[in-house]
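> Take a look at upload.pdb, PDB, C-alpha atoms:
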ATOM      1  CA  MET A  46     -53.100 -11.324 -74.937
ATOM      2  CA  GLU A  47     -54.199  -8.215 -73.082
ATOM      3  CA  ALA A  48     -54.748 -10.287 -69.954
ATOM      4  CA  ALA A  49     -51.205 -11.632 -70.234
ATOM      5  CA  LEU A  50     -49.777  -8.111 -70.588
ATOM      6  CA  ARG A  51     -51.622  -7.027 -67.446
ATOM      7  CA  GLN A  52     -49.985  -9.835 -65.492
ATOM      8  CA  LEU A  53     -46.483  -9.162 -66.859
ATOM      9  CA  PRO A  54     -45.401  -6.406 -64.369
ATOM     10  CA  GLU A  55     -46.415  -8.615 -61.475
ATOM     11  CA  THR A  56     -44.336 -11.597 -62.577
ATOM     12  CA  VAL A  57     -41.263  -9.988 -64.187
ATOM     13  CA  PRO A  58     -38.830  -8.388 -61.720
ATOM     14  CA  ALA A  59     -38.090  -4.705 -62.100
ATOM     15  CA  LEU A  60     -34.938  -3.877 -64.008
ATOM     16  CA  THR A  61     -34.119  -0.780 -61.986
ATOM     17  CA  PRO A  62     -32.766  -1.308 -58.456
ATOM     18  CA  PRO A  63     -35.094  -0.369 -55.626
ATOM     19  CA  ALA A  64     -34.634   2.875 -53.780
ATOM     20  CA  GLU A  65     -33.518   1.060 -50.601
ATOM     21  CA  ALA A  66     -30.522  -0.531 -52.276
ATOM     22  CA  PRO A  67     -28.114   2.407 -51.816
ATOM     23  CA  ALA A  68     -29.125   2.722 -48.172
ATOM     24  CA  LYS A  69     -28.549  -0.992 -47.569
ATOM     25  CA  ALA A  70     -25.233  -0.828 -49.363
ATOM     26  CA  LYS A  71     -24.186   2.040 -47.168
ATOM     27  CA  ALA A  72     -25.376   0.216 -44.076
ATOM     28  CA  GLY A  73     -23.223  -2.763 -44.991
ATOM     29  CA  LEU A  74     -20.011  -0.694 -45.009
ATOM     30  CA  ALA A  75     -17.599  -1.125 -42.120
ATOM     31  CA  PRO A  76     -17.900   1.671 -39.530
ATOM     32  CA  LEU A  77     -15.121   4.177 -39.369
ATOM     33  CA  PRO A  78     -12.717   3.720 -36.448
ATOM     34  CA  ALA A  79     -13.273   5.945 -33.458
ATOM     35  CA  VAL A  80     -11.078   8.978 -33.232
ATOM     36  CA  PRO A  81      -8.308   8.391 -30.621
ATOM     37  CA  THR A  82      -8.800  11.859 -29.215
ATOM     38  CA  ASP A  83     -12.321  10.905 -28.171
ATOM     39  CA  ARG A  84     -10.970   8.002 -26.134
ATOM     40  CA  VAL A  85      -8.360  10.205 -24.498
ATOM     41  CA  ALA A  86     -10.973  12.837 -23.651
ATOM     42  CA  ARG A  87     -13.290  10.185 -22.202
ATOM     43  CA  TRP A  88     -10.447   8.693 -20.135
ATOM     44  CA  LEU A  89      -9.565  12.149 -18.820
ATOM     45  CA  ARG A  90     -13.187  12.803 -17.847
ATOM     46  CA  LEU A  91     -13.394   9.501 -15.978
ATOM     47  CA  HIS A  92     -10.105  10.033 -14.132
ATOM     48  CA  ARG A  93     -10.151  13.784 -13.623
ATOM     49  CA  LYS A  94     -10.264  13.485  -9.837
ATOM     50  CA  GLN A  95      -7.222  11.200  -9.782
ATOM     51  CA  MET A  96      -5.391  13.468 -12.219
ATOM     52  CA  ARG A  97      -6.191  16.511 -10.096
ATOM     53  CA  ALA A  98      -4.952  14.744  -6.964
ATOM     54  CA  MET A  99      -1.716  13.771  -8.701
ATOM     55  CA  ALA A 100      -1.219  17.302 -10.021
ATOM     56  CA  LEU A 101      -1.780  18.808  -6.580
ATOM     57  CA  GLY A 102       0.608  16.270  -5.098
ATOM     58  CA  PHE A 103       3.359  17.170  -7.540
ATOM     59  CA  VAL A 104       2.774  20.881  -6.935
ATOM     60  CA  SER A 105       2.951  20.463  -3.155
ATOM     61  CA  ILE A 106       6.169  18.438  -3.422
ATOM     62  CA  ALA A 107       7.665  21.059  -5.742
ATOM     63  CA  ILE A 108       6.774  23.834  -3.280
ATOM     64  CA  PHE A 109       8.291  21.837  -0.412
ATOM     65  CA  VAL A 110      11.546  21.294  -2.319
ATOM     66  CA  ALA A 111      11.661  24.969  -3.332
ATOM     67  CA  ILE A 112      11.265  26.100   0.300
ATOM     68  CA  TRP A 113      13.898  23.571   1.356
ATOM     69  CA  GLN A 114      16.292  24.904  -1.282
ATOM     70  CA  LEU A 115      15.635  28.516  -0.282
ATOM     71  CA  LEU A 116      16.216  27.914   3.435
ATOM     72  CA  THR A 117      19.385  25.847   3.010
ATOM     73  CA  VAL A 118      21.041  28.045   0.389
ATOM     74  CA  ASN A 119      20.502  31.162   2.525
ATOM     75  CA  ARG A 120      21.500  29.318   5.729
ATOM     76  CA  ALA A 121      18.366  30.563   7.464
ATOM     77  CA  THR A 122      18.304  30.611  11.240
ATOM     78  CA  PHE A 123      15.111  31.454  13.096
ATOM     79  CA  TYR A 124      14.921  29.162  16.126
ATOM     80  CA  VAL A 125      15.279  26.230  13.675
ATOM     81  CA  ARG A 126      18.801  26.195  12.222
ATOM     82  CA  PHE A 127      19.395  25.303   8.576
ATOM     83  CA  THR A 128      23.123  26.022   8.644
ATOM     84  CA  ASN A 129      24.175  22.354   8.368
ATOM     85  CA  VAL A 130      21.140  21.007   6.517
ATOM     86  CA  PRO A 131      22.091  19.890   2.971
ATOM     87  CA  SER A 132      20.296  21.422   0.019
ATOM     88  CA  PRO A 133      18.205  19.339  -2.425
ATOM     89  CA  ALA A 134      20.952  19.732  -5.032
ATOM     90  CA  ASP A 135      23.529  18.275  -2.614
ATOM     91  CA  VAL A 136      21.248  15.355  -1.780
ATOM     92  CA  LEU A 137      20.611  14.710  -5.476
ATOM     93  CA  ASP A 138      24.344  14.634  -6.227
ATOM     94  CA  ARG A 139      24.901  12.246  -3.349
ATOM     95  CA  ALA A 140      21.994  10.056  -4.488
ATOM     96  CA  ILE A 141      23.503   9.697  -7.958
ATOM     97  CA  LEU A 142      26.759   8.510  -6.423
ATOM     98  CA  ALA A 143      24.998   6.193  -3.943
ATOM     99  CA  PHE A 144      22.888   4.445  -6.564
ATOM    100  CA  HIS A 145      26.043   3.649  -8.513
ATOM    101  CA  ASN A 146      27.485   2.049  -5.386
ATOM    102  CA  PRO A 147      26.341  -1.584  -4.829
ATOM    103  CA  ILE A 148      26.671  -1.193  -1.048
ATOM    104  CA  PHE A 149      23.744   1.244  -0.970
ATOM    105  CA  GLY A 150      21.652  -1.261  -2.919
ATOM    106  CA  ASP A 151      22.586  -3.931  -0.372
ATOM    107  CA  HIS A 152      21.316  -1.695   2.445
ATOM    108  CA  ILE A 153      17.965  -1.259   0.670
ATOM    109  CA  TRP A 154      17.714  -4.984  -0.090
ATOM    110  CA  MET A 155      18.384  -5.982   3.520
ATOM    111  CA  SER A 156      15.736  -3.616   4.868
ATOM    112  CA  CYS A 157      13.141  -4.770   2.322
ATOM    113  CA  ARG A 158      13.865  -8.415   3.090
ATOM    114  CA  ARG A 159      13.454  -7.853   6.826
ATOM    115  CA  ILE A 160      10.185  -6.009   6.238
ATOM    116  CA  VAL A 161       8.832  -8.845   4.098
ATOM    117  CA  TYR A 162       9.757 -11.485   6.683
ATOM    118  CA  GLY A 163       8.473  -9.621   9.728
ATOM    119  CA  PHE A 164       5.324  -8.248   8.116
ATOM    120  CA  THR A 165       4.387 -11.573   6.519
ATOM    121  CA  LEU A 166       4.780 -13.436   9.803
ATOM    122  CA  ALA A 167       2.752 -10.801  11.643
ATOM    123  CA  SER A 168      -0.062 -10.938   9.069
ATOM    124  CA  ALA A 169      -0.126 -14.736   9.011
ATOM    125  CA  LEU A 170      -0.525 -14.843  12.802
ATOM    126  CA  ALA A 171      -2.508 -11.695  13.619
ATOM    127  CA  ILE A 172      -5.338 -12.118  11.077
ATOM    128  CA  PRO A 173      -6.370 -15.690  12.050
ATOM    129  CA  LEU A 174      -5.886 -14.902  15.735
ATOM    130  CA  GLY A 175      -8.015 -11.762  15.449
ATOM    131  CA  LEU A 176     -10.769 -13.664  13.641
ATOM    132  CA  LEU A 177     -10.790 -16.395  16.291
ATOM    133  CA  MET A 178     -10.694 -13.893  19.158
ATOM    134  CA  GLY A 179     -13.584 -11.989  17.603
ATOM    135  CA  ARG A 180     -15.621 -15.171  17.255
ATOM    136  CA  PHE A 181     -14.873 -16.952  20.535
ATOM    137  CA  GLN A 182     -15.182 -14.829  23.659
ATOM    138  CA  ILE A 183     -13.253 -17.240  25.884
ATOM    139  CA  LEU A 184     -10.190 -16.958  23.644
ATOM    140  CA  ARG A 185     -10.485 -13.167  23.597
ATOM    141  CA  GLU A 186     -10.660 -13.044  27.396
ATOM    142  CA  ILE A 187      -7.465 -15.112  27.632
ATOM    143  CA  VAL A 188      -5.322 -13.458  24.939
ATOM    144  CA  PHE A 189      -6.518  -9.848  24.899
ATOM    145  CA  PRO A 190      -5.095  -8.831  28.342
ATOM    146  CA  ILE A 191      -1.637 -10.062  27.302
ATOM    147  CA  CYS A 192      -1.839  -8.123  24.039
ATOM    148  CA  GLU A 193      -2.968  -4.955  25.783
ATOM    149  CA  PHE A 194      -0.096  -5.259  28.271
ATOM    150  CA  THR A 195       2.620  -5.701  25.633
ATOM    151  CA  ARG A 196       1.178  -3.415  22.943
ATOM    152  CA  PRO A 197       2.187  -0.053  24.546
ATOM    153  CA  ILE A 198       5.837  -1.142  24.839
ATOM    154  CA  PRO A 199       7.710   0.651  22.020
ATOM    155  CA  ALA A 200       9.719  -1.390  19.584
ATOM    156  CA  ILE A 201      12.977   0.270  20.582
ATOM    157  CA  ALA A 202      12.489  -0.989  24.148
ATOM    158  CA  TRP A 203      12.388  -4.543  22.802
ATOM    159  CA  VAL A 204      15.884  -4.306  21.279
ATOM    160  CA  PRO A 205      17.874  -5.493  24.342
ATOM    161  CA  MET A 206      15.379  -8.283  25.005
ATOM    162  CA  ALA A 207      15.395  -9.333  21.341
ATOM    163  CA  ILE A 208      19.193  -9.531  21.352
ATOM    164  CA  MET A 209      19.005 -11.862  24.363
ATOM    165  CA  LEU A 210      16.183 -13.949  22.893
ATOM    166  CA  TRP A 211      17.544 -14.570  19.404
ATOM    167  CA  PRO A 212      20.989 -15.914  18.496
ATOM    168  CA  THR A 213      21.716 -13.406  15.698
ATOM    169  CA  ASN A 214      21.079  -9.732  15.055
ATOM    170  CA  GLU A 215      19.182 -10.571  11.877
ATOM    171  CA  GLU A 216      16.589 -12.645  13.716
ATOM    172  CA  SER A 217      16.227 -10.037  16.472
ATOM    173  CA  ILE A 218      15.591  -7.264  13.922
ATOM    174  CA  VAL A 219      12.962  -9.383  12.138
ATOM    175  CA  PHE A 220      11.345 -10.076  15.517
ATOM    176  CA  ILE A 221      11.125  -6.356  16.325
ATOM    177  CA  THR A 222       9.638  -5.695  12.885
ATOM    178  CA  PHE A 223       7.137  -8.475  13.553
ATOM    179  CA  LEU A 224       6.102  -6.904  16.858
ATOM    180  CA  GLY A 225       5.658  -3.489  15.288
ATOM    181  CA  SER A 226       3.169  -4.714  12.676
ATOM    182  CA  PHE A 227       1.469  -7.452  14.707
ATOM    183  CA  PHE A 228      -0.621  -5.348  17.082
ATOM    184  CA  PRO A 229      -2.172  -2.922  14.547
ATOM    185  CA  ILE A 230      -3.237  -5.847  12.371
ATOM    186  CA  LEU A 231      -4.660  -7.753  15.351
ATOM    187  CA  ILE A 232      -6.616  -4.803  16.788
ATOM    188  CA  ASN A 233      -8.104  -3.851  13.413
ATOM    189  CA  THR A 234      -9.097  -7.448  12.717
ATOM    190  CA  LEU A 235     -10.860  -7.558  16.084
ATOM    191  CA  GLN A 236     -12.632  -4.315  15.231
ATOM    192  CA  GLY A 237     -13.708  -5.766  11.902
ATOM    193  CA  MET A 238     -15.185  -8.818  13.599
ATOM    194  CA  ALA A 239     -17.072  -6.583  16.037
ATOM    195  CA  THR A 240     -18.762  -4.751  13.141
ATOM    196  CA  VAL A 241     -20.144  -7.886  11.448
ATOM    197  CA  ASP A 242     -23.939  -7.737  11.228
ATOM    198  CA  PRO A 243     -25.365 -10.568  13.398
ATOM    199  CA  VAL A 244     -28.372 -10.788  11.075
ATOM    200  CA  LEU A 245     -26.075 -12.055   8.316
ATOM    201  CA  VAL A 246     -24.659 -14.690  10.662
ATOM    202  CA  ARG A 247     -28.118 -15.903  11.697
ATOM    203  CA  ALA A 248     -29.257 -15.981   8.081
ATOM    204  CA  ALA A 249     -26.267 -18.100   7.068
ATOM    205  CA  ARG A 250     -26.931 -20.554   9.889
ATOM    206  CA  CYS A 251     -30.608 -20.757   9.016
ATOM    207  CA  LEU A 252     -29.576 -21.737   5.499
ATOM    208  CA  GLY A 253     -27.534 -24.624   6.908
ATOM    209  CA  ALA A 254     -24.038 -23.104   6.856
ATOM    210  CA  ARG A 255     -21.559 -24.639   9.236
ATOM    211  CA  GLU A 256     -19.013 -22.757  11.329
ATOM    212  CA  ALA A 257     -16.274 -22.933   8.696
ATOM    213  CA  SER A 258     -18.650 -21.700   5.999
ATOM    214  CA  VAL A 259     -19.842 -18.838   8.207
ATOM    215  CA  PHE A 260     -16.235 -17.782   8.704
ATOM    216  CA  ARG A 261     -15.461 -18.011   5.008
ATOM    217  CA  GLU A 262     -18.652 -16.475   3.621
ATOM    218  CA  VAL A 263     -19.699 -13.972   6.319
ATOM    219  CA  TYR A 264     -17.046 -13.049   8.885
ATOM    220  CA  LEU A 265     -14.027 -12.778   6.599
ATOM    221  CA  PRO A 266     -15.640 -10.707   3.769
ATOM    222  CA  ALA A 267     -17.267  -8.353   6.274
ATOM    223  CA  SER A 268     -13.970  -7.852   8.131
ATOM    224  CA  LEU A 269     -11.764  -7.322   5.074
ATOM    225  CA  PRO A 270     -11.982  -3.481   5.021
ATOM    226  CA  GLN A 271     -10.793  -3.263   8.619
ATOM    227  CA  ILE A 272      -8.165  -5.951   8.024
ATOM    228  CA  PHE A 273      -6.636  -4.025   5.126
ATOM    229  CA  THR A 274      -6.714  -0.849   7.184
ATOM    230  CA  GLY A 275      -4.750  -2.713   9.843
ATOM    231  CA  LEU A 276      -2.315  -4.000   7.223
ATOM    232  CA  THR A 277      -1.675  -0.463   5.989
ATOM    233  CA  ILE A 278      -1.112   0.870   9.505
ATOM    234  CA  GLY A 279       0.959  -2.169  10.417
ATOM    235  CA  MET A 280       3.249  -1.622   7.440
ATOM    236  CA  GLY A 281       3.976   1.937   8.562
ATOM    237  CA  VAL A 282       4.706   0.845  12.132
ATOM    238  CA  ALA A 283       6.852  -2.013  10.808
ATOM    239  CA  TRP A 284       9.108   0.478   9.021
ATOM    240  CA  VAL A 285       9.387   2.602  12.176
ATOM    241  CA  SER A 286      10.331  -0.461  14.219
ATOM    242  CA  LEU A 287      12.785  -1.715  11.606
ATOM    243  CA  ILE A 288      14.661   1.581  11.335
ATOM    244  CA  ALA A 289      14.946   1.841  15.114
ATOM    245  CA  ALA A 290      16.295  -1.702  15.348
ATOM    246  CA  GLU A 291      18.764  -1.207  12.488
ATOM    247  CA  MET A 292      20.085   1.999  14.039
ATOM    248  CA  ILE A 293      20.809   0.259  17.330
ATOM    249  CA  SER A 294      21.865  -3.286  16.505
ATOM    250  CA  GLY A 295      22.061  -3.589  12.744
ATOM    251  CA  GLN A 296      25.096  -3.879  10.517
ATOM    252  CA  PHE A 297      23.222  -3.489   7.247
ATOM    253  CA  GLY A 298      20.000  -1.782   6.241
ATOM    254  CA  ILE A 299      18.847   1.709   5.397
ATOM    255  CA  GLY A 300      18.458   2.555   9.091
ATOM    256  CA  TYR A 301      22.064   1.574   9.736
ATOM    257  CA  PHE A 302      23.108   3.607   6.670
ATOM    258  CA  THR A 303      21.357   6.708   8.052
ATOM    259  CA  TRP A 304      22.813   6.347  11.528
ATOM    260  CA  GLU A 305      26.306   5.702  10.170
ATOM    261  CA  ALA A 306      26.007   8.856   8.053
ATOM    262  CA  TYR A 307      25.235  10.819  11.227
ATOM    263  CA  SER A 308      28.223   9.275  13.003
ATOM    264  CA  LEU A 309      30.514  10.209  10.087
ATOM    265  CA  VAL A 310      29.004  13.729   9.797
ATOM    266  CA  GLN A 311      27.798  13.092   6.239
ATOM    267  CA  TYR A 312      24.720  15.286   6.218
ATOM    268  CA  SER A 313      23.725  14.572   2.625
ATOM    269  CA  ASP A 314      23.642  10.842   3.358
ATOM    270  CA  ILE A 315      21.375  11.468   6.346
ATOM    271  CA  ALA A 316      18.822  13.215   4.145
ATOM    272  CA  LEU A 317      19.246  10.548   1.450
ATOM    273  CA  GLY A 318      18.542   7.789   3.979
ATOM    274  CA  MET A 319      15.447   9.576   5.273
ATOM    275  CA  ILE A 320      14.087  10.107   1.764
ATOM    276  CA  THR A 321      14.751   6.467   0.885
ATOM    277  CA  ILE A 322      12.858   5.318   3.981
ATOM    278  CA  GLY A 323       9.914   7.506   3.008
ATOM    279  CA  VAL A 324       9.857   6.220  -0.570
ATOM    280  CA  LEU A 325      10.054   2.575   0.535
ATOM    281  CA  GLY A 326       7.291   3.061   3.087
ATOM    282  CA  LEU A 327       5.097   4.842   0.564
ATOM    283  CA  GLY A 328       5.601   2.115  -2.023
ATOM    284  CA  SER A 329       4.820  -0.734   0.382
ATOM    285  CA  SER A 330       1.656   0.958   1.678
ATOM    286  CA  PHE A 331       0.553   1.653  -1.894
ATOM    287  CA  ALA A 332       1.028  -2.032  -2.750
ATOM    288  CA  ILE A 333      -1.265  -3.007   0.139
ATOM    289  CA  ARG A 334      -3.940  -0.559  -1.070
ATOM    290  CA  VAL A 335      -3.743  -1.975  -4.585
ATOM    291  CA  LEU A 336      -4.091  -5.496  -3.203
ATOM    292  CA  GLY A 337      -7.094  -4.352  -1.184
ATOM    293  CA  ARG A 338      -8.800  -2.985  -4.303
ATOM    294  CA  ILE A 339      -8.193  -6.302  -6.062
ATOM    295  CA  VAL A 340      -9.524  -8.408  -3.183
ATOM    296  CA  MET A 341     -12.448  -6.048  -2.463
ATOM    297  CA  PRO A 342     -13.635  -4.640  -5.807
ATOM    298  CA  GLY A 343     -16.730  -3.151  -4.212
ATOM    299  CA  GLY A 344     -15.158  -2.186  -0.892
ATOM    300  CA  THR A 345     -12.751   0.440   0.312
ATOM    301  CA  ALA A 346      -9.111  -0.058   1.129
ATOM    302  CA  ARG A 347      -7.756   2.893   3.044
TER     303      ARG A 347
END
Translate this structure into C-alpha cells?

Amino acid sequence: MEAALRQLPETVPALTPPAEAPAKAKAGLAPLPAVPTDRVARWLRLHRKQMRAMALGFVSIAIFVAIWQLLTVNRATFYVRFTNVPSPADVLDRAILAFHNPIFGDHIWMSCRRIVYGFTLASALAIPLGLLMGRFQILREIVFPICEFTRPIPAIAWVPMAIMLWPTNEESIVFITFLGSFFPILINTLQGMATVDPVLVRAARCLGAREASVFREVYLPASLPQIFTGLTIGMGVAWVSLIAAEMISGQFGIGYFTWEAYSLVQYSDIALGMITIGVLGLGSSFAIRVLGRIVMPGGTAR
C-alpha cells in the first residue's frame, strides 16, 4: 500500500495548471494591429529626400509667381519691360475660360498626337539603328557622316522642305517632330554601345551565346541608361521642333494657339500657351523617367 502511494504522484496528473499555461495562453493571442502613425512615420523617413525636393520645388515656384505678380502689377521697367506682360491672376482667369472652351482642348490634343507619332517613329528607328551602328563598324562609317551633316540643321529650317516633301501640313509637322527627336536618341544609343564592357561580350561568346543573344543579353541592357537619357532629351527637342512647326505651318496645336494669340494681341493667351507647353513637356519627360525606372529597376534613368 505504501509503495502504491509513492507511485501515485508520478502516474496521476496534477490538478493545478502548470505555471507556463498563462504564458502560452497569452502567446496564442492575436497580435495587436500596428499603429497607423508608425507606418506614416516610417514612410516619411524613407521618402524624406523626395518630400524635401517637392517642398523646395513648390517654394521656388511660389517665389517665381510672387515675383512675376509684383513686377507686372507695378509695371516695372528696368531694361526689361513688364508693361504689357499679363499678371498671374490675368493668366489664371484666361485659363479658366480656355479650359471651358473645347477648341483649346483640341489644340492640346493635336499637339499631343503629333508628339506621340513623331517621337514613336523616331524611337522605333533610332534605337535599332544606333545599336546596329555601334555593333558593326562598316554600317557606322556609312550612316554616321550623313547623320552628322543633317543633325546641326535646326528643325525650323526643315519647314519649307517638309512642306514640299509631304502632301499635307499634318504629315510635315510630324516629320519635323520626328527629326527633332531622332538625332538625340541615335547619338545617345551610340554612346551607350561604346560604353559596353568588352569583357562581358567575350564572356557571353565563350558561353556559347550567338549574335542575337549577345545583343539581347549584353548590349541592350548595358545601353539602356544611355538610351533612356536620349529618349528624355529627344522628347524635349521634339516639343521645341513641334512648336516651331505649328507656329509656321500649323492650323491647330498649342504652338499655333500661342502664335495666333500674339497676332491678335492677346497677351494672356500667349502666357497660357507657354505654360501649357511647359506642363506638357514636363509630363512627357516624367513619363519617360518612370518607364526607365520600371525597365531598369537597378539602373538610373535621368
> How many Å lie between CA of Val285 in chain A and CA of Pro199 in chain A, rounded to one decimal?
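Value for the CA of Val285 in chain A-CA of Pro199 in chain A distance: 10.2 Å.
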> Can you spell out as a PyMOL selection string the set of residues that the PyMOL selection byres ((chain A and resi 177) around 12) selects in the structure I just provided?
chain A and resi 170-176+178-189+231+234-235+237-239+256-257+260+264-265
> For each of A:Leu276, A:Leu317, A:Val110, A:Leu116, take the minimum atom-to-atom distance to Leu137 in chain A, counting only C-alpha atoms, then give the residue where this is smallest.
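Distance minimum relative to Leu137 in chain A lands on A:Leu317.
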> So which residues get picked by the PyMOL selection byres ((chain A and resi 160-168) around 7) here, written as number ranges by chain?
A: 156-159, 169-172, 219-220, 222-223, 226-227, 230, 280, 283
> Pick out the residues sitting within 9 Å of Thr274 in chain A, and hand them over as a VMD selection string; count only C-alpha atoms, and ignore anything fewer than 4 positions along from it in its own chain.
chain A and resid 229 to 230 233 to 234 269 to 270 278 to 279 334 346 to 347
> Store the residues picked out above in a file with C-alpha atoms, as a PDB file, in the coordinates of the input.

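Below you can see part37.pdb, which holds the result:
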ATOM      1  CA  PRO A 229      -2.172  -2.922  14.547  1.00  0.00           C
ATOM      2  CA  ILE A 230      -3.237  -5.847  12.371  1.00  0.00           C
ATOM      3  CA  ASN A 233      -8.104  -3.851  13.413  1.00  0.00           C
ATOM      4  CA  THR A 234      -9.097  -7.448  12.717  1.00  0.00           C
ATOM      5  CA  LEU A 269     -11.764  -7.322   5.074  1.00  0.00           C
ATOM      6  CA  PRO A 270     -11.982  -3.481   5.021  1.00  0.00           C
ATOM      7  CA  ILE A 278      -1.112   0.870   9.505  1.00  0.00           C
ATOM      8  CA  GLY A 279       0.959  -2.169  10.417  1.00  0.00           C
ATOM      9  CA  ARG A 334      -3.940  -0.559  -1.070  1.00  0.00           C
ATOM     10  CA  ALA A 346      -9.111  -0.058   1.129  1.00  0.00           C
ATOM     11  CA  ARG A 347      -7.756   2.893   3.044  1.00  0.00           C
TER      12      ARG A 347
END
> Please, what distance in Å, to one decimal, runs between CA of Met209 in chain A and CA of Gly298 in chain A?
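Rounded to one decimal, the two atoms are 20.8 Å apart.
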> If you measure from CA of Val335 in chain A to CA of Val282 in chain A, what distance in Å do you get, rounded to one decimal?
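Computed distance, CA of Val335 in chain A to CA of Val282 in chain A, equals 18.9 Å.
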> From the list A:Ala100, A:Ile333, A:Ala200, A:Val118, which residue is nearest Ile293 in chain A when using only C-alpha atoms?
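Ranking A:Ala100, A:Ile333, A:Ala200, A:Val118 by distance to Ile293 in chain A, first place goes to A:Ala200.
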